[in-house]
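Structure file my_file-v5.csv (CSV, C-alpha atoms) is printed below.
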chain,number,residue,atom,x,y,z
A,1,MET,CA,-17.4,320.5,104.6
A,2,ALA,CA,-17.4,317.5,102.2
A,3,ASP,CA,-19.0,315.3,104.9
A,4,ARG,CA,-21.7,317.9,105.7
A,5,SER,CA,-25.3,317.9,104.4
A,6,ILE,CA,-28.0,320.6,104.1
A,7,GLY,CA,-31.6,320.2,103.3
A,8,VAL,CA,-33.7,323.0,101.8
A,9,VAL,CA,-37.5,322.8,101.9
A,10,GLY,CA,-39.1,324.5,99.0
A,11,ALA,CA,-38.2,325.0,95.3
A,12,GLY,CA,-39.6,328.5,94.9
A,13,ILE,CA,-37.1,331.2,94.0
A,14,VAL,CA,-36.0,331.8,97.6
A,15,GLY,CA,-35.3,328.1,98.3
A,16,LEU,CA,-33.5,327.6,95.1
A,17,ALA,CA,-31.4,330.7,95.4
A,18,THR,CA,-30.5,329.6,99.0
A,19,ALA,CA,-29.6,326.0,97.9
A,20,ARG,CA,-27.4,327.5,95.1
A,21,GLU,CA,-25.6,329.9,97.4
A,22,LEU,CA,-24.9,327.1,99.9
A,23,ILE,CA,-23.5,324.7,97.4
A,24,LEU,CA,-21.3,327.4,95.8
A,25,ARG,CA,-20.1,328.7,99.1
A,26,ARG,CA,-19.5,325.3,100.7
A,27,PRO,CA,-18.0,323.1,97.9
A,28,GLY,CA,-18.4,319.4,98.6
A,29,THR,CA,-21.4,319.9,100.9
A,30,ARG,CA,-24.4,317.7,100.0
A,31,VAL,CA,-27.4,319.9,99.3
A,32,VAL,CA,-30.8,318.5,98.8
A,33,VAL,CA,-33.9,320.5,97.9
A,34,LEU,CA,-37.2,319.0,98.9
A,35,GLU,CA,-40.2,320.1,96.9
A,36,LYS,CA,-43.7,318.7,97.2
A,37,GLU,CA,-44.7,319.6,93.6
A,38,ASP,CA,-43.5,318.0,90.4
A,39,ARG,CA,-41.5,321.1,89.2
A,40,VAL,CA,-40.1,324.3,90.5
A,41,ALA,CA,-41.8,327.7,91.0
A,42,VAL,CA,-45.4,326.3,91.2
A,43,HIS,CA,-46.8,328.7,93.7
A,44,GLN,CA,-45.8,332.3,94.7
A,45,THR,CA,-42.8,332.4,92.3
A,46,GLY,CA,-44.8,331.1,89.4
A,47,HIS,CA,-47.7,333.6,90.0
A,48,ASN,CA,-45.4,336.6,90.4
A,49,SER,CA,-46.0,339.7,88.3
A,50,GLY,CA,-42.3,339.8,87.4
A,51,VAL,CA,-41.4,343.2,88.8
A,52,VAL,CA,-37.9,343.8,90.0
A,53,HIS,CA,-38.3,346.4,92.8
A,54,ALA,CA,-35.9,349.2,93.3
A,55,GLY,CA,-36.4,349.7,97.1
A,56,ILE,CA,-38.8,352.6,97.3
A,57,TYR,CA,-41.1,351.4,100.0
A,58,TYR,CA,-39.1,349.8,102.7
A,59,GLU,CA,-38.1,350.9,106.1
A,60,PRO,CA,-34.5,352.1,105.9
A,61,GLY,CA,-32.1,349.7,107.7
A,62,GLY,CA,-34.6,346.8,107.7
A,63,LEU,CA,-34.0,343.5,106.1
A,64,LYS,CA,-36.3,344.4,103.2
A,65,ALA,CA,-34.5,347.6,102.4
A,66,ARG,CA,-31.0,346.1,102.6
A,67,LEU,CA,-31.7,342.8,100.8
A,68,CYS,CA,-33.8,344.5,98.1
A,69,THR,CA,-31.0,346.9,97.2
A,70,ARG,CA,-28.4,344.1,97.2
A,71,GLY,CA,-30.7,341.6,95.5
A,72,ARG,CA,-31.7,343.9,92.7
A,73,ASP,CA,-28.1,344.3,91.6
A,74,LEU,CA,-27.4,340.6,91.9
A,75,LEU,CA,-30.5,339.7,90.0
A,76,ARG,CA,-29.7,342.1,87.1
A,77,ASP,CA,-26.2,340.7,86.8
A,78,TYR,CA,-27.4,337.1,87.0
A,79,CYS,CA,-29.9,337.7,84.2
A,80,ALA,CA,-27.2,339.3,82.1
A,81,GLU,CA,-24.9,336.3,82.6
A,82,ARG,CA,-27.6,333.8,81.8
A,83,GLY,CA,-29.2,335.6,79.0
A,84,LEU,CA,-32.5,335.9,80.9
A,85,PRO,CA,-35.0,338.7,80.2
A,86,TYR,CA,-34.5,341.9,82.2
A,87,GLN,CA,-36.1,345.1,81.1
A,88,GLU,CA,-35.8,348.4,83.0
A,89,CYS,CA,-39.2,349.8,81.9
A,90,GLY,CA,-39.4,352.2,84.9
A,91,LYS,CA,-42.2,352.9,87.4
A,92,LEU,CA,-44.3,355.9,88.4
A,93,VAL,CA,-45.8,356.1,91.9
A,94,VAL,CA,-48.6,358.6,91.4
A,95,ALA,CA,-50.3,360.9,93.8
A,96,LEU,CA,-53.9,362.0,92.9
A,97,THR,CA,-54.8,364.2,95.9
A,98,PRO,CA,-53.0,366.7,98.2
A,99,GLN,CA,-53.1,364.1,101.0
A,100,GLU,CA,-51.4,361.6,98.8
A,101,VAL,CA,-48.8,364.2,97.7
A,102,ALA,CA,-47.8,364.6,101.4
A,103,ARG,CA,-47.4,360.8,101.6
A,104,LEU,CA,-45.5,360.8,98.4
A,105,ASP,CA,-43.0,363.3,99.9
A,106,ALA,CA,-42.5,361.0,102.9
A,107,LEU,CA,-42.0,358.1,100.5
A,108,HIS,CA,-39.4,360.1,98.6
A,109,ALA,CA,-37.4,360.6,101.8
A,110,ARG,CA,-37.6,356.9,102.5
A,111,ALA,CA,-36.5,356.0,99.0
A,112,ASP,CA,-33.6,358.4,99.2
A,113,ALA,CA,-32.5,356.8,102.4
A,114,ASN,CA,-32.5,353.5,100.5
A,115,ALA,CA,-30.4,355.0,97.7
A,116,VAL,CA,-32.9,354.1,95.0
A,117,PRO,CA,-31.0,354.8,91.7
A,118,GLY,CA,-32.2,357.6,89.5
A,119,LEU,CA,-35.3,358.4,91.5
A,120,ARG,CA,-36.8,361.8,90.8
A,121,ARG,CA,-40.1,363.7,91.6
A,122,VAL,CA,-42.1,364.9,88.7
A,123,GLY,CA,-45.3,367.0,88.3
A,124,PRO,CA,-48.2,366.6,85.9
A,125,GLU,CA,-46.2,367.4,82.8
A,126,GLY,CA,-43.4,365.1,83.9
A,127,ILE,CA,-46.0,362.3,84.4
A,128,ARG,CA,-47.3,362.8,80.9
A,129,GLU,CA,-43.8,362.7,79.4
A,130,ILE,CA,-43.2,359.3,81.0
A,131,GLU,CA,-46.7,357.8,80.8
A,132,PRO,CA,-48.7,360.0,78.3
A,133,HIS,CA,-52.1,358.5,79.3
A,134,THR,CA,-51.6,358.7,83.1
A,135,THR,CA,-53.0,361.6,85.3
A,136,GLY,CA,-51.9,362.8,88.7
A,137,LEU,CA,-50.7,365.8,90.7
A,138,ALA,CA,-47.2,364.4,91.3
A,139,ALA,CA,-45.2,361.2,91.1
A,140,LEU,CA,-42.0,359.5,91.9
A,141,HIS,CA,-40.2,358.1,88.8
A,142,SER,CA,-38.0,355.1,89.3
A,143,PRO,CA,-36.3,354.5,86.0
A,144,ARG,CA,-34.4,351.4,87.2
A,145,THR,CA,-37.4,349.5,88.3
A,146,ALA,CA,-37.5,346.5,85.9
A,147,ILE,CA,-39.5,343.5,84.8
A,148,THR,CA,-38.3,339.9,84.3
A,149,ASP,CA,-39.5,336.3,84.3
A,150,TYR,CA,-39.1,334.7,87.7
A,151,THR,CA,-40.1,331.3,86.6
A,152,ARG,CA,-37.3,331.2,84.1
A,153,ILE,CA,-34.9,332.5,86.7
A,154,ALA,CA,-36.0,329.7,89.1
A,155,ARG,CA,-35.4,327.1,86.4
A,156,SER,CA,-32.0,328.5,85.8
A,157,LEU,CA,-31.2,328.4,89.5
A,158,ALA,CA,-32.3,324.7,89.6
A,159,ASP,CA,-29.9,324.0,86.7
A,160,ASP,CA,-27.1,325.6,88.6
A,161,ILE,CA,-27.8,323.5,91.7
A,162,THR,CA,-27.8,320.2,89.8
A,163,ALA,CA,-24.7,321.2,87.7
A,164,ALA,CA,-22.8,321.8,91.0
A,165,GLY,CA,-23.7,318.4,92.3
A,166,GLY,CA,-26.9,319.2,94.3
A,167,GLU,CA,-30.1,317.3,94.2
A,168,ILE,CA,-33.7,318.4,93.8
A,169,ARG,CA,-36.4,315.9,94.9
A,170,PHE,CA,-39.9,316.5,93.5
A,171,GLY,CA,-43.0,314.9,95.1
A,172,ALA,CA,-41.2,315.2,98.4
A,173,ALA,CA,-43.7,316.8,100.8
A,174,VAL,CA,-42.2,317.1,104.3
A,175,THR,CA,-44.3,315.2,106.8
A,176,GLY,CA,-41.9,314.9,109.7
A,177,ILE,CA,-38.9,316.7,111.2
A,178,VAL,CA,-37.2,315.2,114.3
A,179,PRO,CA,-33.9,315.9,116.0
A,180,ALA,CA,-31.2,313.4,115.1
A,181,GLY,CA,-27.9,313.9,117.0
A,182,ASP,CA,-26.5,317.2,116.0
A,183,GLY,CA,-28.8,317.4,113.0
A,184,VAL,CA,-32.3,316.5,112.0
A,185,ARG,CA,-34.1,313.7,110.3
A,186,VAL,CA,-36.6,314.8,107.7
A,187,THR,CA,-39.4,312.6,106.3
A,188,ALA,CA,-40.3,313.8,102.8
A,189,GLY,CA,-42.1,311.9,100.1
A,190,GLY,CA,-42.2,308.8,102.3
A,191,GLU,CA,-38.5,308.7,102.7
A,192,ASP,CA,-36.2,309.6,105.6
A,193,LEU,CA,-33.3,312.0,105.0
A,194,ARG,CA,-30.8,312.9,107.7
A,195,VAL,CA,-29.1,316.3,107.3
A,196,ASP,CA,-26.8,318.4,109.5
A,197,GLU,CA,-28.7,321.6,108.8
A,198,LEU,CA,-32.2,322.4,107.4
A,199,VAL,CA,-33.4,325.6,105.8
A,200,VAL,CA,-37.2,326.0,105.5
A,201,CYS,CA,-38.3,328.2,102.6
A,202,ALA,CA,-41.8,326.7,102.3
A,203,GLY,CA,-43.7,329.9,101.4
A,204,LEU,CA,-47.4,329.3,101.9
A,205,HIS,CA,-46.7,326.5,104.3
A,206,GLY,CA,-43.6,328.0,105.9
A,207,ASP,CA,-45.2,328.4,109.4
A,208,ARG,CA,-46.4,324.8,109.5
A,209,VAL,CA,-43.0,323.4,108.5
A,210,ALA,CA,-41.2,325.7,110.9
A,211,ARG,CA,-43.5,324.6,113.8
A,212,ALA,CA,-42.8,321.0,112.9
A,213,ALA,CA,-39.1,321.8,113.3
A,214,GLY,CA,-39.7,323.2,116.8
A,215,ASP,CA,-40.3,326.9,116.1
A,216,GLY,CA,-43.1,328.8,117.7
A,217,ASP,CA,-46.7,329.6,116.5
A,218,GLU,CA,-46.0,333.2,115.6
A,219,PRO,CA,-46.3,334.5,113.0
A,220,ARG,CA,-49.0,332.5,111.3
A,221,ILE,CA,-49.6,332.5,107.5
A,222,VAL,CA,-52.9,333.9,106.4
A,223,PRO,CA,-53.4,333.4,102.7
A,224,PHE,CA,-54.6,336.3,100.5
A,225,ARG,CA,-55.6,335.8,96.9
A,226,GLY,CA,-54.5,338.5,94.5
A,227,GLU,CA,-56.6,338.6,91.3
A,228,TYR,CA,-55.5,340.3,88.1
A,229,MET,CA,-57.3,341.9,85.2
A,230,LEU,CA,-55.7,341.7,81.8
A,231,VAL,CA,-55.8,344.8,79.5
A,232,ARG,CA,-57.2,344.0,76.1
A,233,PRO,CA,-54.4,344.1,73.4
A,234,GLU,CA,-55.9,347.2,71.7
A,235,LYS,CA,-55.5,349.2,74.9
A,236,ALA,CA,-52.1,347.8,76.1
A,237,HIS,CA,-50.2,350.6,74.4
A,238,LEU,CA,-51.6,353.1,76.9
A,239,VAL,CA,-49.2,351.7,79.5
A,240,ARG,CA,-45.5,352.0,78.8
A,241,GLY,CA,-44.1,350.6,82.1
A,242,LEU,CA,-45.4,350.4,85.6
A,243,VAL,CA,-48.0,352.8,87.2
A,244,TYR,CA,-48.6,352.4,91.0
A,245,PRO,CA,-50.6,354.3,93.5
A,246,VAL,CA,-49.1,355.8,96.7
A,247,PRO,CA,-49.3,353.0,99.2
A,248,ASP,CA,-51.4,353.2,102.3
A,249,PRO,CA,-48.9,352.9,105.2
A,250,ARG,CA,-51.3,350.9,107.2
A,251,TYR,CA,-51.0,347.9,104.9
A,252,PRO,CA,-48.2,345.9,103.4
A,253,PHE,CA,-50.1,345.6,100.1
A,254,LEU,CA,-49.2,348.2,97.4
A,255,GLY,CA,-52.7,348.6,95.9
A,256,VAL,CA,-54.1,347.9,92.5
A,257,HIS,CA,-51.6,349.0,89.8
A,258,PHE,CA,-50.8,348.7,86.1
A,259,THR,CA,-47.9,346.3,85.3
A,260,ARG,CA,-46.4,345.7,81.9
A,261,ARG,CA,-45.2,342.1,81.7
A,262,ILE,CA,-42.1,340.8,80.0
A,263,SER,CA,-44.4,339.2,77.5
A,264,GLY,CA,-45.8,342.7,76.5
A,265,GLU,CA,-49.1,342.1,78.2
A,266,VAL,CA,-50.4,344.6,80.6
A,267,GLU,CA,-52.1,343.6,83.9
A,268,VAL,CA,-54.1,345.5,86.4
A,269,GLY,CA,-53.9,344.4,90.0
A,270,PRO,CA,-53.7,342.6,92.2
A,271,ASN,CA,-56.4,343.1,94.8
A,272,ALA,CA,-56.1,341.3,98.2
A,273,VAL,CA,-59.0,339.1,99.4
A,274,PRO,CA,-58.8,336.3,102.0
A,275,ALA,CA,-58.3,332.9,100.4
A,276,LEU,CA,-60.1,329.9,101.6
A,277,ALA,CA,-57.1,327.7,100.9
A,278,ARG,CA,-53.4,328.3,101.0
A,279,GLU,CA,-53.3,327.3,97.4
A,280,GLY,CA,-56.7,328.8,96.6
A,281,TYR,CA,-56.2,330.4,93.2
A,282,ARG,CA,-60.0,330.3,92.5
A,283,ARG,CA,-62.8,331.5,94.6
A,284,SER,CA,-64.2,328.0,94.6
A,285,ASP,CA,-61.0,326.5,96.1
A,286,ILE,CA,-61.7,325.6,99.8
A,287,ARG,CA,-59.6,323.5,102.1
A,288,LEU,CA,-61.1,323.0,105.5
A,289,ALA,CA,-57.8,322.5,107.3
A,290,ASP,CA,-56.4,325.8,105.9
A,291,LEU,CA,-59.6,327.6,106.7
A,292,ARG,CA,-59.6,326.3,110.2
A,293,ASP,CA,-56.0,327.4,110.7
A,294,THR,CA,-57.0,330.9,109.5
A,295,LEU,CA,-60.2,331.3,111.5
A,296,THR,CA,-58.7,330.0,114.8
A,297,TRP,CA,-55.7,332.2,114.7
A,298,PRO,CA,-56.2,335.1,117.2
A,299,GLY,CA,-54.2,337.4,114.9
A,300,PHE,CA,-56.7,336.9,112.0
A,301,ARG,CA,-59.6,337.9,114.2
A,302,ALA,CA,-57.8,340.9,115.5
A,303,MET,CA,-56.8,341.9,111.9
A,304,GLY,CA,-60.4,341.5,110.8
A,305,ARG,CA,-61.7,343.8,113.6
A,306,ARG,CA,-59.2,346.4,112.6
A,307,HIS,CA,-59.6,346.2,108.8
A,308,TRP,CA,-63.0,344.9,108.1
A,309,ARG,CA,-64.1,347.9,106.0
A,310,THR,CA,-61.2,347.4,103.6
A,311,GLY,CA,-61.8,343.7,103.5
A,312,ILE,CA,-65.4,344.2,102.4
A,313,ALA,CA,-64.3,346.7,99.7
A,314,GLU,CA,-61.7,344.3,98.4
A,315,MET,CA,-64.2,341.4,98.2
A,316,TYR,CA,-66.8,343.6,96.4
A,317,GLY,CA,-64.1,344.4,93.8
A,318,SER,CA,-63.4,340.7,93.4
A,319,PHE,CA,-66.9,340.1,92.2
A,320,SER,CA,-67.5,343.4,90.3
A,321,LYS,CA,-65.2,344.3,87.4
A,322,ARG,CA,-66.6,347.8,87.5
A,323,ALA,CA,-65.8,348.2,91.2
A,324,TYR,CA,-62.3,346.6,90.6
A,325,MET,CA,-61.5,349.1,87.9
A,326,ARG,CA,-63.0,352.2,89.7
A,327,ALA,CA,-59.7,352.9,91.6
A,328,ALA,CA,-57.4,351.9,88.7
A,329,ARG,CA,-59.2,354.1,86.2
A,330,ARG,CA,-58.4,357.2,88.2
A,331,TYR,CA,-54.7,356.8,87.1
A,332,ILE,CA,-55.3,355.9,83.5
A,333,PRO,CA,-58.9,357.1,82.5
A,334,GLY,CA,-58.6,355.5,79.0
A,335,ILE,CA,-58.7,352.0,80.5
A,336,GLY,CA,-62.1,351.0,81.9
A,337,PRO,CA,-64.1,347.9,82.7
A,338,ALA,CA,-64.8,347.2,79.1
A,339,ASP,CA,-61.1,347.2,78.3
A,340,VAL,CA,-60.1,344.4,80.6
A,341,VAL,CA,-60.8,340.7,81.0
A,342,ARG,CA,-60.2,338.6,84.1
A,343,GLY,CA,-56.6,337.3,84.2
A,344,GLY,CA,-54.8,335.0,86.6
A,345,ALA,CA,-54.4,335.0,90.3
A,346,GLY,CA,-51.8,334.3,92.9
A,347,VAL,CA,-51.9,333.7,96.7
A,348,ARG,CA,-49.7,335.8,99.0
A,349,ALA,CA,-48.4,334.1,102.2
A,350,GLN,CA,-49.1,337.0,104.5
A,351,ALA,CA,-47.6,336.5,108.0
A,352,VAL,CA,-49.8,337.8,110.8
A,353,ASP,CA,-48.7,338.1,114.4
A,354,ARG,CA,-50.9,337.1,117.3
A,355,ASP,CA,-52.0,340.7,117.9
A,356,GLY,CA,-53.2,341.1,114.4
A,357,THR,CA,-50.2,342.9,113.1
A,358,LEU,CA,-49.5,342.3,109.4
A,359,VAL,CA,-45.8,341.4,109.3
A,360,ASP,CA,-44.1,343.6,106.8
A,361,ASP,CA,-40.4,342.9,107.0
A,362,PHE,CA,-38.7,339.7,106.2
A,363,ARG,CA,-38.6,337.4,109.2
A,364,ILE,CA,-36.1,334.6,109.7
A,365,HIS,CA,-36.0,332.3,112.8
A,366,ARG,CA,-33.3,329.9,114.0
A,367,VAL,CA,-34.0,326.8,116.0
A,368,GLY,CA,-30.9,324.7,116.6
A,369,PRO,CA,-29.8,323.3,113.2
A,370,VAL,CA,-33.0,324.6,111.5
A,371,THR,CA,-33.3,328.1,109.9
A,372,ALA,CA,-36.8,329.0,108.9
A,373,VAL,CA,-38.0,331.8,106.6
A,374,ARG,CA,-41.2,332.8,108.4
A,375,ASN,CA,-42.1,335.8,106.2
A,376,ALA,CA,-40.8,336.6,102.8
A,377,PRO,CA,-43.4,338.6,100.9
A,378,SER,CA,-42.6,341.1,98.0
A,379,PRO,CA,-39.9,342.0,97.2
A,380,ALA,CA,-38.7,338.4,98.1
A,381,ALA,CA,-38.3,337.5,94.4
A,382,THR,CA,-36.2,340.7,93.7
A,383,SER,CA,-34.2,340.0,96.9
A,384,SER,CA,-33.9,336.2,96.5
A,385,LEU,CA,-30.1,336.1,95.7
A,386,ALA,CA,-29.4,338.5,98.6
A,387,ILE,CA,-31.8,336.5,100.9
A,388,ALA,CA,-29.7,333.5,100.0
A,389,GLU,CA,-26.5,335.2,101.0
A,390,HIS,CA,-28.0,336.3,104.2
A,391,ILE,CA,-29.2,332.8,105.1
A,392,ALA,CA,-25.8,331.4,104.3
A,393,ASP,CA,-24.3,334.0,106.6
A,394,VAL,CA,-26.7,333.0,109.3
A,395,LEU,CA,-25.6,329.3,108.9
A,396,ASP,CA,-22.0,330.5,109.1
A,397,GLY,CA,-22.8,332.1,112.5
A,398,GLY,CA,-23.9,335.6,111.4
A,399,PRO,CA,-26.9,337.6,112.9
A,400,LEU,CA,-30.5,336.9,111.8
A,401,ARG,CA,-31.0,340.6,111.0

Turn this file's structure into structure tokens for me.
Amino acid sequence: MADRSIGVVGAGIVGLATARELILRRPGTRVVVLEKEDRVAVHQTGHNSGVVHAGIYYEPGGLKARLCTRGRDLLRDYCAERGLPYQECGKLVVALTPQEVARLDALHARADANAVPGLRRVGPEGIREIEPHTTGLAALHSPRTAITDYTRIARSLADDITAAGGEIRFGAAVTGIVPAGDGVRVTAGGEDLRVDELVVCAGLHGDRVARAAGDGDEPRIVPFRGEYMLVRPEKAHLVRGLVYPVPDPRYPFLGVHFTRRISGEVEVGPNAVPALAREGYRRSDIRLADLRDTLTWPGFRAMGRRHWRTGIAEMYGSFSKRAYMRAARRYIPGIGPADVVRGGAGVRAQAVDRDGTLVDDFRIHRVGPVTAVRNAPSPAATSSLAIAEHIADVLDGGPLR
């Protein structure tokens, strides 16, 4: 393999984990990471809430379920080896109504199928023992759900890559991909690079880079901005770990929840509102090319017709702190609009099929020597080291799923 070369587009946590896995698995192979920004983890990885998911939500047997289970263990061990923060603060998924209790039971069965460690169902008294200020009829308690710092993990992965002889090129936006014999020629940062294989982990721009490499139109990335509230320090003690609602099975979003960060801060969120730019972290961020791509995609229009009521409610909450906190306060009544300030925001690269279906599972395509990650939403950070193993297996001739 010493005369082989592999390019990886994107220095988020998935791209970095993949580059690291490839250079460790194929000693002597030239591995080059191409990143358009001036540092790693600028976008989705750097705006992540830091939760290490245990695998409660995902369809048993799907890529998400399998890679989350494997990735959680790999990530825990990696953090221990590197001295990186990793705290098993635990999570409660709380049902407030009889209808939600029924959905909680279905979720429990799914989590059991995914072998979520230590999971148990608790009633109102059990909820109060774990989170004294939280109310609910029933809950699932996942004691092994953890929090970490994904930006620090990404930096550590980057150090591993360079220490093993790999290269990370910053300011290297990919502007062209063309076949070149048995490989591809990539134009990035104004320079040409020929590689035998290319892996696209471009996140918010993953569909565009994949299409440039010859992949199809579907699915298309539709950006959703997730906005957070930050609990004032004097109320942060009311949340010990993570408090989540029972998710609505119609959506891939988990709903507004309470998250204790590795820093000790407590966030509420995120919501999910359409972003007017793929890197639109503020309401005022508008990029006409991104907006045109969203509005002209048939899947976005189909999705809008199907979910417009939810979209209006989410946008109302974006502008009104009182509306934003109305749902969250049902779980922890002691934290209301006066107890939070506006925090940061992230943008989720939500893949949408042509028929308007919100793609939930990880989706990876293969086009000749190019492997493209077309959908890697949460729990992609949790699963990153396992996704890297899976991609390396695909490059070694393994199945995509």

Atom pair atom CA of Arg155 of chain A / atom CA of Glu35 of chain A: separation (Å): 13.5 Å

All residues 10 Å or closer to segment 383-399 of chain A, only C-alpha atoms, same chain fewer than 3 positions away omitted, as a PyMOL selection string: chain A and resi 12-23+25-26+52-53+55+63-75+78+157+197-199+362+364-366+369-373+376+378-380

Selected residue of minimal separation from Ala41 of chain A among A:Pro85, A:Pro143, A:Gly203, A:Gly176, counting all atoms listed in the file: A:Gly203

Among the residues A:Thr296, A:Ala349, A:Pro274, A:Thr29, the one that comes closest to Trp308 of chain A [using only C-alpha atoms]: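 Of the candidates, the smallest distance to Trp308 of chain A is held by A:Pro274.
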
d(atom CA of Tyr331 of chain A, atom CA of Thr135 of chain A) in Å: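 So the two atoms, atom CA of Tyr331 of chain A and atom CA of Thr135 of chain A, lie 5.4 Å apart.
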
Neighbour residues at most 8 Å from (-52.4, 331.7, 91.0) (only C-alpha atoms) as a ChimeraX atom specification: /A:43-44,46-47,225-226,279-282,344-347

Give me the residues within 7 Å of Arg144 of chain A as a PDB file with C-alpha atoms, in the coordinates of the input, counting all atoms listed in the file and dropping any in the same chain fewer than 6 places off.
ATOM      1  CA  ALA A  54     -35.900 349.200  93.300  1.00  0.00           C
ATOM      2  CA  GLU A  88     -35.800 348.400  83.000  1.00  0.00           C
ATOM      3  CA  GLY A  90     -39.400 352.200  84.900  1.00  0.00           C
ATOM      4  CA  PRO A 117     -31.000 354.800  91.700  1.00  0.00           C
ATOM      5  CA  GLY A 118     -32.200 357.600  89.500  1.00  0.00           C
TER       6      GLY A 118
END

Minimum-distance residue to Ala146 of chain A, chosen among A:Arg128, A:Arg194, A:Arg76, A:Arg287 (using all atoms listed in the file):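 Of the candidates, the smallest distance to Ala146 of chain A is held by A:Arg76.
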
Test item: residues at most 10 Å from Arg39 of chain A, all atoms listed in the file, excluding those fewer than 6 positions along its chain, as a ChimeraX atom specification: /A:11-12,155,158,168-171

Atom CA of Gly214 of chain A to atom CA of Pro298 of chain A, straight-line distance in Å: 20.3 Å

Which of A:Pro249, A:Gly83, A:Gly165, A:Gly190 sits closest to Ile153 of chain A [using only C-alpha atoms]: A:Gly83
